[in-house]
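Trainee: My structure is stored as start-v1.cif, with mmCIF, C-alpha atoms.
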```cif
data_protein
#
loop_
_atom_site.label_atom_id
_atom_site.label_comp_id
_atom_site.auth_asym_id
_atom_site.auth_seq_id
_atom_site.Cartn_x
_atom_site.Cartn_y
_atom_site.Cartn_z
CA MET A 1 16.36 1.98 15.48
CA ARG A 2 13.40 0.70 13.40
CA VAL A 3 11.94 4.23 13.28
CA ASN A 4 15.22 5.52 11.80
CA LYS A 5 15.11 2.80 9.14
CA ILE A 6 11.50 3.66 8.31
CA LEU A 7 12.41 7.35 8.09
CA ALA A 8 15.31 6.55 5.75
CA VAL A 9 13.07 4.40 3.56
CA THR A 10 10.43 7.16 3.54
CA CYS A 11 12.95 9.71 2.30
CA LEU A 12 14.10 7.33 -0.39
CA PHE A 13 10.50 6.65 -1.50
CA ILE A 14 9.77 10.37 -1.72
CA ALA A 15 12.93 10.95 -3.76
CA LEU A 16 12.63 7.96 -6.08
CA GLY A 17 9.20 6.36 -5.77
CA CYS A 18 8.92 2.67 -6.50
CA ALA A 19 11.68 1.73 -8.92
CA ASN A 20 9.28 0.08 -11.39
CA CYS A 21 6.01 1.81 -10.51
CA GLY A 22 6.20 5.07 -12.40
CA GLY A 23 6.99 7.00 -9.22
CA ALA A 24 3.75 6.20 -7.39
CA GLY A 25 5.50 4.84 -4.35
CA SER A 26 6.05 7.56 -1.80
CA GLY A 27 5.16 6.54 1.70
CA THR A 28 6.16 4.91 4.92
CA ALA A 29 5.82 1.35 6.04
CA SER A 30 4.46 0.48 9.44
CA ASN A 31 3.76 -2.83 11.03
CA GLY A 32 0.81 -2.41 13.36
CA GLY A 33 -0.75 -5.29 15.20
CA PRO A 34 0.62 -8.61 16.34
CA GLN A 35 3.82 -9.90 14.84
CA ALA A 36 3.85 -13.53 13.75
CA THR A 37 6.77 -15.74 12.94
CA SER A 38 8.29 -14.90 9.57
CA HIS A 39 10.02 -17.16 7.10
CA GLY A 40 12.76 -14.53 7.07
CA PRO A 41 13.02 -11.15 5.43
CA ALA A 42 12.50 -10.81 1.70
CA THR A 43 15.74 -10.60 -0.24
CA GLY A 44 14.46 -9.68 -3.69
CA PRO A 45 11.43 -9.16 -5.90
CA LEU A 46 8.62 -11.70 -5.91
CA THR A 47 8.05 -13.79 -9.02
CA ASP A 48 5.46 -12.36 -11.42
CA ASP A 49 2.88 -14.98 -10.44
CA ALA A 50 3.00 -13.79 -6.80
CA TYR A 51 1.17 -10.51 -7.48
CA LYS A 52 -2.35 -11.94 -7.22
CA ALA A 53 -4.54 -10.56 -4.47
CA GLU A 54 -8.15 -10.12 -3.51
CA ILE A 55 -8.67 -6.84 -1.68
CA THR A 56 -11.95 -6.25 0.15
CA THR A 57 -12.74 -2.93 1.78
CA PRO A 58 -15.60 -1.76 3.94
CA PRO A 59 -17.79 0.86 2.26
CA LEU A 60 -15.42 3.70 1.38
CA PRO A 61 -16.40 7.35 1.86
CA GLU A 62 -17.95 9.13 -1.11
CA LYS A 63 -17.17 12.52 0.45
CA MET A 64 -14.37 13.70 2.70
CA LYS A 65 -13.21 17.08 3.97
CA ARG A 66 -9.84 18.45 2.88
CA GLY A 67 -7.10 16.72 4.89
CA GLU A 68 -9.59 14.49 6.72
CA LYS A 69 -8.12 11.29 8.13
CA ALA A 70 -9.83 7.93 8.39
CA THR A 71 -8.74 4.40 9.18
CA ILE A 72 -10.33 1.45 7.42
CA VAL A 73 -9.80 -2.26 7.95
CA VAL A 74 -9.01 -3.98 4.67
CA LYS A 75 -9.18 -7.73 4.03
CA VAL A 76 -6.35 -8.99 1.85
CA LYS A 77 -6.26 -12.53 0.47
CA ASN A 78 -3.24 -14.12 -1.20
CA LEU A 79 -4.52 -15.69 -4.46
CA SER A 80 -1.04 -16.72 -5.59
CA ASN A 81 1.03 -19.80 -4.83
CA VAL A 82 3.82 -17.68 -3.29
CA THR A 83 4.15 -16.48 0.33
CA TRP A 84 4.16 -12.69 0.70
CA PRO A 85 6.82 -11.40 3.13
CA PHE A 86 5.88 -8.98 5.90
CA HIS A 87 9.54 -8.14 6.54
CA GLY A 88 11.83 -6.63 3.97
CA ARG A 89 15.57 -6.47 3.70
CA PRO A 90 16.94 -5.73 7.20
CA THR A 91 19.03 -2.75 6.13
CA ASP A 92 16.32 -0.75 4.35
CA GLY A 93 12.96 -2.54 4.25
CA TYR A 94 13.09 -3.15 0.50
CA TYR A 95 10.89 -5.99 -0.79
CA GLN A 96 8.40 -6.24 2.06
CA VAL A 97 4.76 -6.31 0.99
CA ASN A 98 2.58 -3.49 2.35
CA LEU A 99 -0.95 -2.21 1.85
CA GLY A 100 -1.20 1.36 0.65
CA ASN A 101 -3.42 3.96 -0.89
CA ILE A 102 -2.87 6.27 -3.81
CA TRP A 103 -4.89 9.35 -4.77
CA TYR A 104 -5.43 10.52 -8.36
CA ASP A 105 -7.06 13.77 -9.48
CA ASN A 106 -9.94 13.85 -11.97
CA SER A 107 -7.41 13.84 -14.84
CA ASN A 108 -6.01 10.55 -13.48
CA LYS A 109 -2.80 12.31 -12.40
CA LEU A 110 -1.10 11.01 -9.26
CA ILE A 111 -1.25 13.37 -6.27
CA SER A 112 2.45 13.28 -5.45
CA ASP A 113 2.67 15.89 -2.67
CA HIS A 114 0.56 13.86 -0.26
CA PRO A 115 1.28 12.29 3.15
CA TYR A 116 0.95 8.64 2.12
CA VAL A 117 1.29 6.04 4.87
CA ARG A 118 1.63 2.33 4.24
CA SER A 119 0.42 -0.48 6.49
CA GLY A 120 2.47 -3.60 6.95
CA LEU A 121 1.02 -7.08 6.83
CA PRO A 122 0.56 -8.68 10.28
CA ASN A 123 2.66 -11.71 9.26
CA ASP A 124 3.90 -13.55 6.19
CA VAL A 125 0.78 -14.30 4.14
CA GLN A 126 0.63 -17.85 2.86
CA PRO A 127 -1.12 -18.85 -0.39
CA GLY A 128 -4.89 -18.86 0.20
CA GLN A 129 -4.56 -17.01 3.53
CA GLN A 130 -6.60 -13.88 4.28
CA VAL A 131 -5.54 -11.19 6.77
CA GLU A 132 -7.03 -7.95 8.00
CA VAL A 133 -4.91 -4.82 7.73
CA PRO A 134 -5.81 -1.39 9.19
CA LEU A 135 -5.06 1.34 6.66
CA ALA A 136 -4.89 5.06 7.39
CA ILE A 137 -6.08 7.31 4.58
CA THR A 138 -5.89 11.08 4.36
CA ALA A 139 -7.94 13.11 1.89
CA PRO A 140 -6.06 15.53 -0.36
CA ASN A 141 -5.75 19.13 0.85
CA LYS A 142 -7.47 20.63 -2.19
CA ALA A 143 -11.18 20.33 -2.89
CA GLY A 144 -12.15 18.37 -5.98
CA ASP A 145 -13.04 15.01 -7.41
CA TYR A 146 -10.50 12.22 -6.87
CA THR A 147 -9.99 8.50 -7.24
CA LEU A 148 -8.75 6.65 -4.17
CA ARG A 149 -6.91 3.42 -4.98
CA ILE A 150 -6.24 0.73 -2.37
CA ASP A 151 -3.52 -1.69 -3.49
CA LEU A 152 -0.67 -3.87 -2.27
CA VAL A 153 2.91 -2.92 -3.05
CA GLN A 154 6.19 -4.78 -2.86
CA GLU A 155 8.42 -1.94 -1.73
CA MET A 156 10.85 -0.68 -4.36
CA VAL A 157 9.49 -3.17 -6.91
CA CYS A 158 5.90 -2.39 -7.95
CA TRP A 159 2.26 -2.10 -7.04
CA PHE A 160 0.39 -5.39 -7.41
CA SER A 161 -2.00 -3.77 -9.93
CA ASP A 162 1.01 -3.06 -12.17
CA LYS A 163 1.32 -6.85 -12.52
CA GLY A 164 -2.37 -7.46 -13.21
CA SER A 165 -3.87 -7.82 -9.73
CA ARG A 166 -7.10 -5.92 -9.16
CA ALA A 167 -6.87 -2.85 -6.92
CA VAL A 168 -9.92 -1.22 -5.31
CA ASN A 169 -10.74 2.17 -6.88
CA THR A 170 -13.43 4.51 -5.65
CA LYS A 171 -14.46 8.07 -6.50
CA VAL A 172 -14.25 10.52 -3.62
CA ARG A 173 -15.41 14.14 -3.59
CA VAL A 174 -13.20 16.27 -1.36
CA GLU A 175 -14.87 19.43 -0.03
#
```
Could you spell out this file's structure in structure tokens?
Mentor:
Amino acid sequence: MRVNKILAVTCLFIALGCANCGGAGSGTASNGGPQATSHGPATGPLTDDAYKAEITTPPLPEKMKRGEKATIVVKVKNLSNVTWPFHGRPTDGYYQVNLGNIWYDNSNKLISDHPYVRSGLPNDVQPGQQVEVPLAITAPNKAGDYTLRIDLVQEMVCWFSDKGSRAVNTKVRVE
């Protein structure tokens, strides 16, 4: 049943993108790892002061082959005074906070026809708490110079960097 909900949300993301993110929100949400007790599913957008995160990545690849897949473990710390929900609305997953990646070409144009996959938080993330989140990334299918952005997103609301939080950006040459 959960897979069907994820598939439905994926189709919606591809069709609409994040409602307030300029269309950069195609992808799927997955909750890998242990599930902790939640304060209940999110029922709406976070307050503006909730979008404060510290994202720490291992060294990211400078070069990748076309379509190459890699999984990195990202440390995410909640710098806000608001708990981030790892579960969204039960009917469609809206409002859960996920970790994702976005690829941009060398003209800073979003690569929209790309198999983006999101990673769910392992539990609700309390203010000041840090968690580790595995994130699957896939290089674009065309050779070239790209920017890979790692950021948090509140599904169907916005990317955290849209509200002033600092995302991780790195240049990647795809061969």
Trainee: Between A:Gly128, A:Pro61, A:Pro41, A:Pro115, which residue has the minimum interatomic distance to Arg173 (chain A), considering all atoms listed in the file?
Mentor: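 Checking each of A:Gly128, A:Pro61, A:Pro41, A:Pro115 against Arg173 (chain A), counting all atoms listed in the file, the winner is A:Pro61.
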Trainee: Suppose you want the space between CA of Thr71 (chain A) and CA of Thr56 (chain A); what is it in Å?
Mentor: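 So the two atoms, CA of Thr71 (chain A) and CA of Thr56 (chain A), lie 14.3 Å apart.
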Trainee: Counting all atoms listed in the file, figure out which residue out of A:Glu54, A:Asp92, A:Asp162, A:Glu62 gets nearest to Leu79 (chain A).
Mentor: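 Using all atoms listed in the file, Leu79 (chain A) sits closest to A:Glu54.
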Trainee: Could you write out as JSON, numbers by chain the residues that the PyMOL selection byres ((chain A and resi 119) around 12) matches in the shown file?
Mentor: {"A": [6, 27, 28, 29, 30, 31, 32, 33, 71, 72, 73, 74, 76, 86, 87, 96, 97, 98, 99, 100, 101, 116, 117, 118, 120, 121, 122, 123, 132, 133, 134, 135, 136, 137, 150, 151, 152, 153, 154, 155]}
Trainee: Would you mind reading off the distance between CA of Tyr94 (chain A) and CA of Gly44 (chain A), one decimal, in Å?
Mentor: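 CA of Tyr94 (chain A) sits 7.9 Å away from CA of Gly44 (chain A).
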Trainee: Quick one, how far is CA of Ser112 (chain A) from CA of Arg149 (chain A)?
Mentor: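 Taking CA of Ser112 (chain A) and CA of Arg149 (chain A), their separation equals 13.6 Å.
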Trainee: Apply the PyMOL selection byres ((chain A and resi 64) around 10) to the displayed file and report the matching residues as a PyMOL selection string.
Mentor: chain A and resi 61-63+65-70+138-140+143+172-175
Trainee: Taking (0.7, -4.7, -12.4) in the file's coordinates, which residues come within 12 Å, counting only C-alpha atoms, written as an MDAnalysis selection string?
Mentor: chainID A and resid 20:22 48:53 151:154 157:167
Trainee: Would you kindly translate the PyMOL selection byres ((chain A and resi 42) around 6) into the concrete residues it picks from this file, as a ChimeraX atom specification?
Mentor: /A:41,43-44,85,88-89,95
Trainee: Could you check the closest approach to Leu46 (chain A) for each of A:Leu148, A:Met156, A:Leu110, A:Ile102 and tell me which residue wins, using only C-alpha atoms?
Mentor: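 Closest to Leu46 (chain A) of all the choices is A:Met156.
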Trainee: Could you give me, as number ranges by chain, the residues within 9 Å of Asp105 (chain A), counting all atoms listed in the file and dropping anything in the same chain fewer than 6 positions from it?
Mentor: A: 111, 144-147
Trainee: For Asp113 (chain A), which residue out of A:Asn141, A:Asn81, A:Thr170, A:Thr47 is the nearest one, using all atoms listed in the file?
Mentor: A:Asn141
Trainee: With all atoms listed in the file as the basis for distance, which of A:Lys142, A:Lys77, A:Lys171, A:Lys109 is at the shortest distance from Asp124 (chain A)?
Mentor: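 Counting all atoms listed in the file, the residue closest to Asp124 (chain A) is A:Lys77.
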Trainee: Given 3 Å on each side, where is the centre and what are the edge lengths in Å to one decimal of the axis-aligned box enclosing the listed atoms of region 147-160 of chain A, as lines of an AutoDock Vina configuration file?
Mentor:
```
center_x = 0.4
center_y = 1.6
center_z = -4.8
size_x = 26.8
size_y = 19.9
size_z = 12.2
```
